>>> print(open('coords-v9.cif').read())   # mmCIF, C-alpha atoms, pLDDT in the B column; chains and numbers go by the auth columns
data_data
loop_
_atom_site.group_PDB
_atom_site.id
_atom_site.type_symbol
_atom_site.label_atom_id
_atom_site.label_comp_id
_atom_site.label_asym_id
_atom_site.label_seq_id
_atom_site.Cartn_x
_atom_site.Cartn_y
_atom_site.Cartn_z
_atom_site.B_iso_or_equiv
_atom_site.auth_seq_id
_atom_site.auth_asym_id
ATOM 1 C CA MET A 1 -58.277 3.841 42.764 91.00 888 A
ATOM 2 C CA ASN A 2 -57.811 5.192 39.232 96.00 889 A
ATOM 3 C CA ILE A 3 -56.967 2.159 37.067 98.00 890 A
ATOM 4 C CA CYS A 4 -56.596 1.672 33.326 98.00 891 A
ATOM 5 C CA VAL A 5 -56.109 -1.415 31.162 98.00 892 A
ATOM 6 C CA LEU A 6 -53.066 -1.663 28.875 98.00 893 A
ATOM 7 C CA ILE A 7 -53.194 -4.073 25.941 98.00 894 A
ATOM 8 C CA PRO A 8 -50.037 -4.646 23.862 97.00 895 A
ATOM 9 C CA THR A 9 -51.039 -5.921 20.421 97.00 896 A
ATOM 10 C CA PHE A 10 -49.614 -7.234 17.180 96.00 897 A
ATOM 11 C CA ASN A 11 -52.035 -8.126 14.378 95.00 898 A
ATOM 12 C CA GLU A 12 -55.012 -8.622 16.709 96.00 899 A
ATOM 13 C CA GLY A 13 -57.655 -7.059 14.460 95.00 900 A
ATOM 14 C CA GLU A 14 -59.978 -10.051 14.772 93.00 901 A
ATOM 15 C CA ALA A 15 -60.125 -10.105 18.570 93.00 902 A
ATOM 16 C CA ILE A 16 -59.451 -6.565 19.760 97.00 903 A
ATOM 17 C CA ALA A 17 -62.920 -5.046 19.302 97.00 904 A
ATOM 18 C CA GLY A 18 -64.675 -7.602 21.478 96.00 905 A
ATOM 19 C CA LEU A 19 -62.023 -7.317 24.185 97.00 906 A
ATOM 20 C CA ILE A 20 -62.185 -3.506 24.283 98.00 907 A
ATOM 21 C CA LYS A 21 -65.977 -3.552 24.542 98.00 908 A
ATOM 22 C CA LYS A 22 -65.920 -5.983 27.472 97.00 909 A
ATOM 23 C CA VAL A 23 -63.254 -4.011 29.333 98.00 910 A
ATOM 24 C CA SER A 24 -64.908 -0.637 28.664 98.00 911 A
ATOM 25 C CA ALA A 25 -68.201 -2.028 29.990 98.00 912 A
ATOM 26 C CA GLN A 26 -66.491 -2.183 33.390 97.00 913 A
ATOM 27 C CA ASN A 27 -65.785 1.569 33.276 97.00 914 A
ATOM 28 C CA LEU A 28 -62.064 1.099 32.723 98.00 915 A
ATOM 29 C CA GLU A 29 -60.094 3.207 30.256 98.00 916 A
ATOM 30 C CA VAL A 30 -58.415 1.096 27.581 98.00 917 A
ATOM 31 C CA ILE A 31 -54.972 1.847 26.156 98.00 918 A
ATOM 32 C CA VAL A 32 -53.854 -0.211 23.167 98.00 919 A
ATOM 33 C CA VAL A 33 -50.216 -0.288 22.059 98.00 920 A
ATOM 34 C CA ASP A 34 -50.067 -1.417 18.435 98.00 921 A
ATOM 35 C CA ASP A 35 -46.625 -2.918 17.854 97.00 922 A
ATOM 36 C CA GLY A 36 -46.305 -2.306 14.113 96.00 923 A
ATOM 37 C CA SER A 37 -49.328 -4.403 13.101 97.00 924 A
ATOM 38 C CA LYS A 38 -49.858 -5.111 9.413 95.00 925 A
ATOM 39 C CA ASP A 39 -53.618 -5.410 9.843 95.00 926 A
ATOM 40 C CA ASN A 40 -56.267 -2.924 11.015 96.00 927 A
ATOM 41 C CA THR A 41 -55.716 -3.342 14.774 97.00 928 A
ATOM 42 C CA SER A 42 -55.208 0.400 15.401 97.00 929 A
ATOM 43 C CA GLU A 43 -58.202 1.456 13.319 97.00 930 A
ATOM 44 C CA ILE A 44 -60.526 -0.972 15.075 98.00 931 A
ATOM 45 C CA ALA A 45 -59.222 0.002 18.515 98.00 932 A
ATOM 46 C CA ARG A 46 -59.795 3.712 17.850 98.00 933 A
ATOM 47 C CA ARG A 47 -63.260 2.984 16.464 97.00 934 A
ATOM 48 C CA ASN A 48 -64.063 1.334 19.808 97.00 935 A
ATOM 49 C CA ASN A 49 -62.887 4.366 21.807 97.00 936 A
ATOM 50 C CA ALA A 50 -59.549 3.023 23.004 98.00 937 A
ATOM 51 C CA THR A 51 -56.508 5.272 23.275 98.00 938 A
ATOM 52 C CA VAL A 52 -54.007 3.964 20.722 98.00 939 A
ATOM 53 C CA LEU A 53 -50.214 4.253 20.896 98.00 940 A
ATOM 54 C CA GLN A 54 -48.332 3.009 17.852 96.00 941 A
ATOM 55 C CA ASN A 55 -44.889 1.639 17.135 95.00 942 A
ATOM 56 C CA GLN A 56 -44.065 2.241 13.471 92.00 943 A
ATOM 57 C CA SER A 57 -42.272 -1.117 13.334 95.00 944 A
ATOM 58 C CA ASN A 58 -42.483 -4.299 15.388 95.00 945 A
ATOM 59 C CA GLN A 59 -40.301 -3.716 18.463 95.00 946 A
ATOM 60 C CA GLY A 60 -41.426 -6.487 20.808 95.00 947 A
ATOM 61 C CA LYS A 61 -43.933 -6.965 23.599 95.00 948 A
ATOM 62 C CA GLY A 62 -41.563 -5.525 26.182 96.00 949 A
ATOM 63 C CA ALA A 63 -41.060 -2.326 24.188 96.00 950 A
ATOM 64 C CA SER A 64 -44.842 -1.966 23.887 97.00 951 A
ATOM 65 C CA LEU A 65 -45.302 -2.408 27.630 98.00 952 A
ATOM 66 C CA ILE A 66 -42.588 0.150 28.384 98.00 953 A
ATOM 67 C CA LYS A 67 -44.232 2.664 26.031 98.00 954 A
ATOM 68 C CA GLY A 68 -47.575 2.037 27.682 98.00 955 A
ATOM 69 C CA PHE A 69 -46.161 2.363 31.201 98.00 956 A
ATOM 70 C CA ALA A 70 -44.691 5.775 30.371 98.00 957 A
ATOM 71 C CA PHE A 71 -48.109 6.905 29.130 98.00 958 A
ATOM 72 C CA VAL A 72 -49.844 5.542 32.236 98.00 959 A
ATOM 73 C CA LEU A 73 -47.460 7.377 34.576 98.00 960 A
ATOM 74 C CA ASN A 74 -47.802 10.598 32.603 98.00 961 A
ATOM 75 C CA LYS A 75 -51.599 10.410 32.877 98.00 962 A
ATOM 76 C CA GLY A 76 -51.486 9.934 36.655 97.00 963 A
ATOM 77 C CA PHE A 77 -53.149 6.523 36.982 98.00 964 A
ATOM 78 C CA ASP A 78 -52.769 4.752 40.340 98.00 965 A
ATOM 79 C CA ALA A 79 -52.292 1.351 38.695 98.00 966 A
ATOM 80 C CA VAL A 80 -52.411 -0.413 35.361 98.00 967 A
ATOM 81 C CA ILE A 81 -53.775 -3.825 34.423 98.00 968 A
ATOM 82 C CA THR A 82 -51.995 -5.497 31.520 98.00 969 A
ATOM 83 C CA MET A 83 -53.858 -7.972 29.317 97.00 970 A
ATOM 84 C CA ASP A 84 -53.036 -9.845 26.116 95.00 971 A
ATOM 85 C CA GLY A 85 -54.991 -8.818 23.043 93.00 972 A
ATOM 86 C CA ASP A 86 -55.747 -12.284 21.675 90.00 973 A
ATOM 87 C CA GLY A 87 -58.671 -13.149 23.927 89.00 974 A
ATOM 88 C CA GLN A 88 -56.728 -15.462 26.236 89.00 975 A
ATOM 89 C CA HIS A 89 -57.463 -13.293 29.280 94.00 976 A
ATOM 90 C CA ALA A 90 -61.063 -13.056 30.472 95.00 977 A
ATOM 91 C CA PRO A 91 -62.315 -9.506 31.208 96.00 978 A
ATOM 92 C CA GLU A 92 -64.626 -11.100 33.776 96.00 979 A
ATOM 93 C CA ASP A 93 -61.548 -11.586 35.960 97.00 980 A
ATOM 94 C CA LEU A 94 -60.713 -7.857 36.086 98.00 981 A
ATOM 95 C CA PRO A 95 -62.692 -7.194 39.316 98.00 982 A
ATOM 96 C CA ASN A 96 -60.625 -9.878 41.073 97.00 983 A
ATOM 97 C CA PHE A 97 -57.440 -7.897 40.451 98.00 984 A
ATOM 98 C CA ILE A 98 -58.992 -4.626 41.571 98.00 985 A
ATOM 99 C CA SER A 99 -60.406 -6.198 44.730 98.00 986 A
ATOM 100 C CA ALA A 100 -57.042 -7.781 45.565 98.00 987 A
ATOM 101 C CA ALA A 101 -55.274 -4.431 45.180 97.00 988 A
ATOM 102 C CA GLN A 102 -57.844 -2.693 47.362 97.00 989 A
ATOM 103 C CA HIS A 103 -57.302 -5.161 50.208 97.00 990 A
ATOM 104 C CA SER A 104 -53.541 -5.624 50.099 97.00 991 A
ATOM 105 C CA ASP A 105 -50.348 -3.587 49.966 96.00 992 A
ATOM 106 C CA GLY A 106 -48.822 -5.819 47.281 97.00 993 A
ATOM 107 C CA GLY A 107 -47.063 -4.073 44.408 98.00 994 A
ATOM 108 C CA ILE A 108 -47.946 -6.529 41.640 98.00 995 A
ATOM 109 C CA PHE A 109 -50.934 -8.862 41.396 98.00 996 A
ATOM 110 C CA ILE A 110 -50.352 -11.540 38.786 98.00 997 A
ATOM 111 C CA GLY A 111 -52.831 -13.979 37.319 96.00 998 A
ATOM 112 C CA ASN A 112 -52.457 -17.613 38.300 94.00 999 A
ATOM 113 C CA ARG A 113 -53.715 -20.220 35.794 87.00 1000 A
ATOM 114 C CA MET A 114 -52.011 -23.163 37.477 82.00 1001 A
ATOM 115 C CA ALA A 115 -54.841 -24.222 39.790 75.00 1002 A
ATOM 116 C CA LYS A 116 -56.953 -25.467 36.856 72.00 1003 A
ATOM 117 C CA THR A 117 -54.768 -26.685 34.012 69.00 1004 A
ATOM 118 C CA LYS A 118 -56.884 -29.329 32.265 71.00 1005 A
ATOM 119 C CA THR A 119 -57.193 -27.219 29.114 69.00 1006 A
ATOM 120 C CA MET A 120 -53.595 -25.989 29.176 75.00 1007 A
ATOM 121 C CA PRO A 121 -51.425 -27.579 26.462 77.00 1008 A
ATOM 122 C CA PRO A 122 -48.835 -29.927 28.074 82.00 1009 A
ATOM 123 C CA VAL A 123 -45.885 -27.998 26.644 79.00 1010 A
ATOM 124 C CA ARG A 124 -47.159 -24.756 28.166 76.00 1011 A
ATOM 125 C CA TYR A 125 -47.863 -26.446 31.489 81.00 1012 A
ATOM 126 C CA PHE A 126 -44.348 -27.828 31.928 85.00 1013 A
ATOM 127 C CA THR A 127 -42.742 -24.670 30.555 81.00 1014 A
ATOM 128 C CA ASN A 128 -44.738 -22.527 32.972 82.00 1015 A
ATOM 129 C CA LYS A 129 -43.871 -24.762 35.920 88.00 1016 A
ATOM 130 C CA PHE A 130 -40.153 -24.663 35.164 88.00 1017 A
ATOM 131 C CA MET A 131 -40.018 -20.951 34.377 88.00 1018 A
ATOM 132 C CA SER A 132 -42.046 -20.069 37.451 92.00 1019 A
ATOM 133 C CA TRP A 133 -39.681 -22.072 39.647 92.00 1020 A
ATOM 134 C CA LEU A 134 -36.696 -20.352 38.072 91.00 1021 A
ATOM 135 C CA ILE A 135 -38.048 -16.791 38.250 93.00 1022 A
ATOM 136 C CA SER A 136 -39.270 -17.361 41.815 95.00 1023 A
ATOM 137 C CA LYS A 137 -35.750 -18.405 42.760 93.00 1024 A
ATOM 138 C CA VAL A 138 -34.255 -15.241 41.290 93.00 1025 A
ATOM 139 C CA ALA A 139 -37.009 -12.996 42.679 94.00 1026 A
ATOM 140 C CA LYS A 140 -36.869 -14.729 46.084 94.00 1027 A
ATOM 141 C CA GLN A 141 -40.666 -14.873 46.177 96.00 1028 A
ATOM 142 C CA ASN A 142 -43.071 -17.684 45.346 96.00 1029 A
ATOM 143 C CA ILE A 143 -44.775 -16.770 42.072 96.00 1030 A
ATOM 144 C CA PRO A 144 -46.806 -19.759 40.777 95.00 1031 A
ATOM 145 C CA ASP A 145 -47.371 -18.463 37.232 94.00 1032 A
ATOM 146 C CA THR A 146 -44.634 -16.029 36.213 94.00 1033 A
ATOM 147 C CA GLN A 147 -45.477 -16.392 32.523 91.00 1034 A
ATOM 148 C CA CYS A 148 -48.949 -14.875 32.866 94.00 1035 A
ATOM 149 C CA GLY A 149 -49.250 -11.420 31.298 95.00 1036 A
ATOM 150 C CA PHE A 150 -52.545 -10.631 33.063 97.00 1037 A
ATOM 151 C CA ARG A 151 -51.362 -8.370 35.904 98.00 1038 A
ATOM 152 C CA LEU A 152 -52.156 -5.329 38.005 98.00 1039 A
ATOM 153 C CA ILE A 153 -49.111 -3.162 38.655 98.00 1040 A
ATOM 154 C CA ARG A 154 -49.187 -0.198 41.008 98.00 1041 A
ATOM 155 C CA LYS A 155 -47.830 3.207 40.041 98.00 1042 A
ATOM 156 C CA GLU A 156 -45.150 2.955 42.732 98.00 1043 A
ATOM 157 C CA VAL A 157 -43.731 -0.136 41.028 98.00 1044 A
ATOM 158 C CA LEU A 158 -43.760 1.467 37.571 98.00 1045 A
ATOM 159 C CA GLU A 159 -41.833 4.430 38.938 98.00 1046 A
ATOM 160 C CA LYS A 160 -39.057 2.131 40.187 97.00 1047 A
ATOM 161 C CA LEU A 161 -38.669 -0.004 37.074 96.00 1048 A
ATOM 162 C CA ASN A 162 -35.554 0.461 34.957 94.00 1049 A
ATOM 163 C CA LEU A 163 -36.170 -2.131 32.268 95.00 1050 A
ATOM 164 C CA LYS A 164 -33.392 -3.064 29.860 93.00 1051 A
ATOM 165 C CA THR A 165 -35.124 -5.703 27.722 92.00 1052 A
ATOM 166 C CA SER A 166 -37.716 -5.218 24.992 90.00 1053 A
ATOM 167 C CA LYS A 167 -39.080 -8.646 24.026 88.00 1054 A
ATOM 168 C CA TYR A 168 -40.986 -11.379 25.884 86.00 1055 A
ATOM 169 C CA GLU A 169 -38.432 -11.591 28.694 91.00 1056 A
ATOM 170 C CA THR A 170 -39.515 -8.117 29.849 95.00 1057 A
ATOM 171 C CA GLU A 171 -42.432 -9.604 31.774 95.00 1058 A
ATOM 172 C CA SER A 172 -39.979 -11.690 33.819 94.00 1059 A
ATOM 173 C CA GLU A 173 -37.685 -8.693 34.254 96.00 1060 A
ATOM 174 C CA ILE A 174 -40.594 -6.711 35.718 97.00 1061 A
ATOM 175 C CA LEU A 175 -41.109 -9.333 38.436 97.00 1062 A
ATOM 176 C CA ILE A 176 -37.413 -9.503 39.274 95.00 1063 A
ATOM 177 C CA GLU A 177 -36.974 -5.710 39.335 96.00 1064 A
ATOM 178 C CA ALA A 178 -40.058 -5.247 41.506 97.00 1065 A
ATOM 179 C CA SER A 179 -38.866 -7.911 43.946 97.00 1066 A
ATOM 180 C CA ARG A 180 -35.408 -6.348 44.230 95.00 1067 A
ATOM 181 C CA SER A 181 -37.088 -3.009 44.960 96.00 1068 A
ATOM 182 C CA GLY A 182 -38.898 -4.599 47.903 97.00 1069 A
ATOM 183 C CA PHE A 183 -42.381 -4.982 46.434 98.00 1070 A
ATOM 184 C CA LYS A 184 -44.565 -7.962 47.306 98.00 1071 A
ATOM 185 C CA ILE A 185 -45.959 -9.982 44.402 98.00 1072 A
ATOM 186 C CA GLU A 186 -49.301 -11.695 44.950 98.00 1073 A
ATOM 187 C CA SER A 187 -51.266 -14.124 42.806 97.00 1074 A
ATOM 188 C CA VAL A 188 -54.871 -13.835 41.660 97.00 1075 A
ATOM 189 C CA PRO A 189 -56.677 -16.985 40.414 95.00 1076 A
ATOM 190 C CA ILE A 190 -57.935 -16.542 36.851 94.00 1077 A
ATOM 191 C CA LYS A 191 -59.623 -18.637 34.207 87.00 1078 A
ATOM 192 C CA THR A 192 -57.509 -20.629 31.791 74.00 1079 A
ATOM 193 C CA LEU A 193 -58.574 -19.748 28.253 73.00 1080 A
ATOM 194 C CA TYR A 194 -56.932 -21.405 25.284 64.00 1081 A
ATOM 195 C CA LEU A 195 -58.576 -20.659 21.968 61.00 1082 A
ATOM 196 C CA ASN A 196 -57.009 -20.854 18.515 56.00 1083 A
ATOM 197 C CA GLU A 197 -54.676 -17.921 19.130 53.00 1084 A
ATOM 198 C CA LYS A 198 -51.389 -17.980 17.267 54.00 1085 A
ATOM 199 C CA SER A 199 -48.304 -17.378 19.384 53.00 1086 A
ATOM 200 C CA HIS A 200 -45.917 -14.671 18.223 54.00 1087 A
ATOM 201 C CA ILE A 201 -43.060 -16.289 20.164 55.00 1088 A
ATOM 202 C CA ASN A 202 -40.163 -17.641 18.122 50.00 1089 A
ATOM 203 C CA PRO A 203 -39.311 -20.880 19.992 50.00 1090 A
ATOM 204 C CA PHE A 204 -35.617 -20.762 19.067 53.00 1091 A
ATOM 205 C CA VAL A 205 -34.768 -17.048 19.072 59.00 1092 A
ATOM 206 C CA ASP A 206 -36.889 -16.083 22.079 58.00 1093 A
ATOM 207 C CA THR A 207 -35.719 -19.081 24.113 66.00 1094 A
ATOM 208 C CA LEU A 208 -32.077 -18.191 23.502 74.00 1095 A
ATOM 209 C CA ARG A 209 -32.761 -14.569 24.390 73.00 1096 A
ATOM 210 C CA PHE A 210 -34.504 -15.591 27.601 74.00 1097 A
ATOM 211 C CA LEU A 211 -31.731 -17.984 28.622 76.00 1098 A
ATOM 212 C CA LYS A 212 -29.188 -15.206 28.142 77.00 1099 A
ATOM 213 C CA PHE A 213 -31.321 -12.876 30.245 76.00 1100 A
ATOM 214 C CA ILE A 214 -31.965 -15.329 33.070 77.00 1101 A
ATOM 215 C CA SER A 215 -28.305 -16.423 33.211 79.00 1102 A
ATOM 216 C CA LYS A 216 -27.338 -12.808 33.815 77.00 1103 A
ATOM 217 C CA GLU A 217 -30.002 -12.435 36.510 76.00 1104 A
ATOM 218 C CA LEU A 218 -28.923 -15.635 38.257 71.00 1105 A
ATOM 219 C CA TRP A 219 -25.346 -14.379 38.296 71.00 1106 A
ATOM 220 C CA THR A 220 -26.497 -11.053 39.747 72.00 1107 A
ATOM 221 C CA THR A 221 -28.487 -12.889 42.427 64.00 1108 A
ATOM 222 C CA ARG A 222 -25.477 -14.959 43.497 55.00 1109 A
ATOM 223 C CA ASN A 223 -23.380 -11.858 43.763 54.00 1110 A
#
>>> encode(input="coords-v9.cif", output="structure tokens")
Amino acid sequence: MNICVLIPTFNEGEAIAGLIKKVSAQNLEVIVVDDGSKDNTSEIARRNNATVLQNQSNQGKGASLIKGFAFVLNKGFDAVITMDGDGQHAPEDLPNFISAAQHSDGGIFIGNRMAKTKTMPPVRYFTNKFMSWLISKVAKQNIPDTQCGFRLIRKEVLEKLNLKTSKYETESEILIEASRSGFKIESVPIKTLYLNEKSHINPFVDTLRFLKFISKELWTTRN
């Protein structure tokens, strides 16, 4: 199975080199999408032999994923693994995703941090629990950790996606779209890493945007 790793980034110059080195050591091609960073993220990524795609301005995580997916499909990869660029996802868990995909016909394999949550901040824990319940209801599949961006997505799923969002809600839209297209979503246990990373989420703006998105999806589900 020909798999690459896609890392959407925004001002991750401090962490990106170490992450690329660890992923590349597992013989996986690394594709970095730099979402209009003001630091040297792109330069460092190129220096460490990653393929770099750039947005001239900050367009959102969803827009970066969509750009990366188009590149992945054009290059003929069988699947893509998405990871965050801030060090929250452990490269040591990559083989678990690949093994799961090799032994199952699932379309998406999503990381599950909810089995060991002692180090997870309480706000994130309760937010993840609620959001996962809500997205699972819309997707009509049990997905324990819908907010995890560490995922393996098969080419067949990417080809079916018709994403309309461009911010953080895109990751939820991917799960819903894949489910409606008949793909099974499976969970892969991963480590829970919480360092001193700074979230790029705007609690007010992004929450309102997500609520608008999920309200529309709930309405579509009922109808």
>>> atom_distance(input="coords-v9.cif", atom1="atom CA of Asn1015 of chain A", atom2="atom CA of Met1001 of chain A")
8.6 Å
>>> atom_distance(input="coords-v9.cif", atom1="atom CA of Ser1053 of chain A", atom2="atom CA of Asn889 of chain A")
26.7 Å
>>> residues_around(input="coords-v9.cif", residues="Ala957 of chain A", least_positions_apart="2", cutoff="12 Å", atoms="all atoms listed in the file", output="VMD selection string")
chain A and resid 893 918 920 940 950 to 955 959 to 964 967 1042 1045 to 1050
>>> closest_residue(input="coords-v9.cif", among="A:Glu1104, A:Leu1080, A:Ile1030, A:Cys891", to="Lys1051 of chain A", atoms="all atoms listed in the file")
A:Glu1104
>>> residues_around(input="coords-v9.cif", residues="Lys1078 of chain A", least_positions_apart="5", cutoff="9 Å", atoms="only C-alpha atoms", output="list of chain:residue names")
A:His976, A:Ala977, A:Asp980, A:Gly998, A:Asn999, A:Arg1000, A:Lys1003
>>> write_last_selection(input="coords-v9.cif", atoms="C-alpha atoms", output="CSV table (one decimal), keeping the file's coordinate frame")
chain,number,residue,atom,x,y,z
A,976,HIS,CA,-57.5,-13.3,29.3
A,977,ALA,CA,-61.1,-13.1,30.5
A,980,ASP,CA,-61.5,-11.6,36.0
A,998,GLY,CA,-52.8,-14.0,37.3
A,999,ASN,CA,-52.5,-17.6,38.3
A,1000,ARG,CA,-53.7,-20.2,35.8
A,1003,LYS,CA,-57.0,-25.5,36.9
>>> atom_distance(input="coords-v9.cif", atom1="atom CA of Phe1097 of chain A", atom2="atom CA of Thr1057 of chain A")
9.3 Å
>>> closest_residue(input="coords-v9.cif", among="A:Asp973, A:Glu1043, A:Glu1058, A:Asp922", to="Ala904 of chain A", atoms="all atoms listed in the file")
A:Asp973
>>> residues_near_point(input="coords-v9.cif", point="(-41.8, -17.6, 35.6)", cutoff="10 Å", atoms="all atoms listed in the file", output="MDAnalysis selection string")
chainID A and resid 1014:1026 1029:1035 1056 1058:1060 1062:1063
>>> residues_around(input="coords-v9.cif", residues="segment 923-930 of chain A", least_positions_apart="6", cutoff="9 Å", atoms="only C-alpha atoms", output="MDAnalysis selection string")
chainID A and resid 896:904 939:946
>>> resolve_selection(input="coords-v9.cif", expression="the PyMOL selection byres ((chain A and resi 1107) around 12)", output="ChimeraX atom specification")
/A:1025-1026,1063-1064,1067,1100-1106,1108-1110
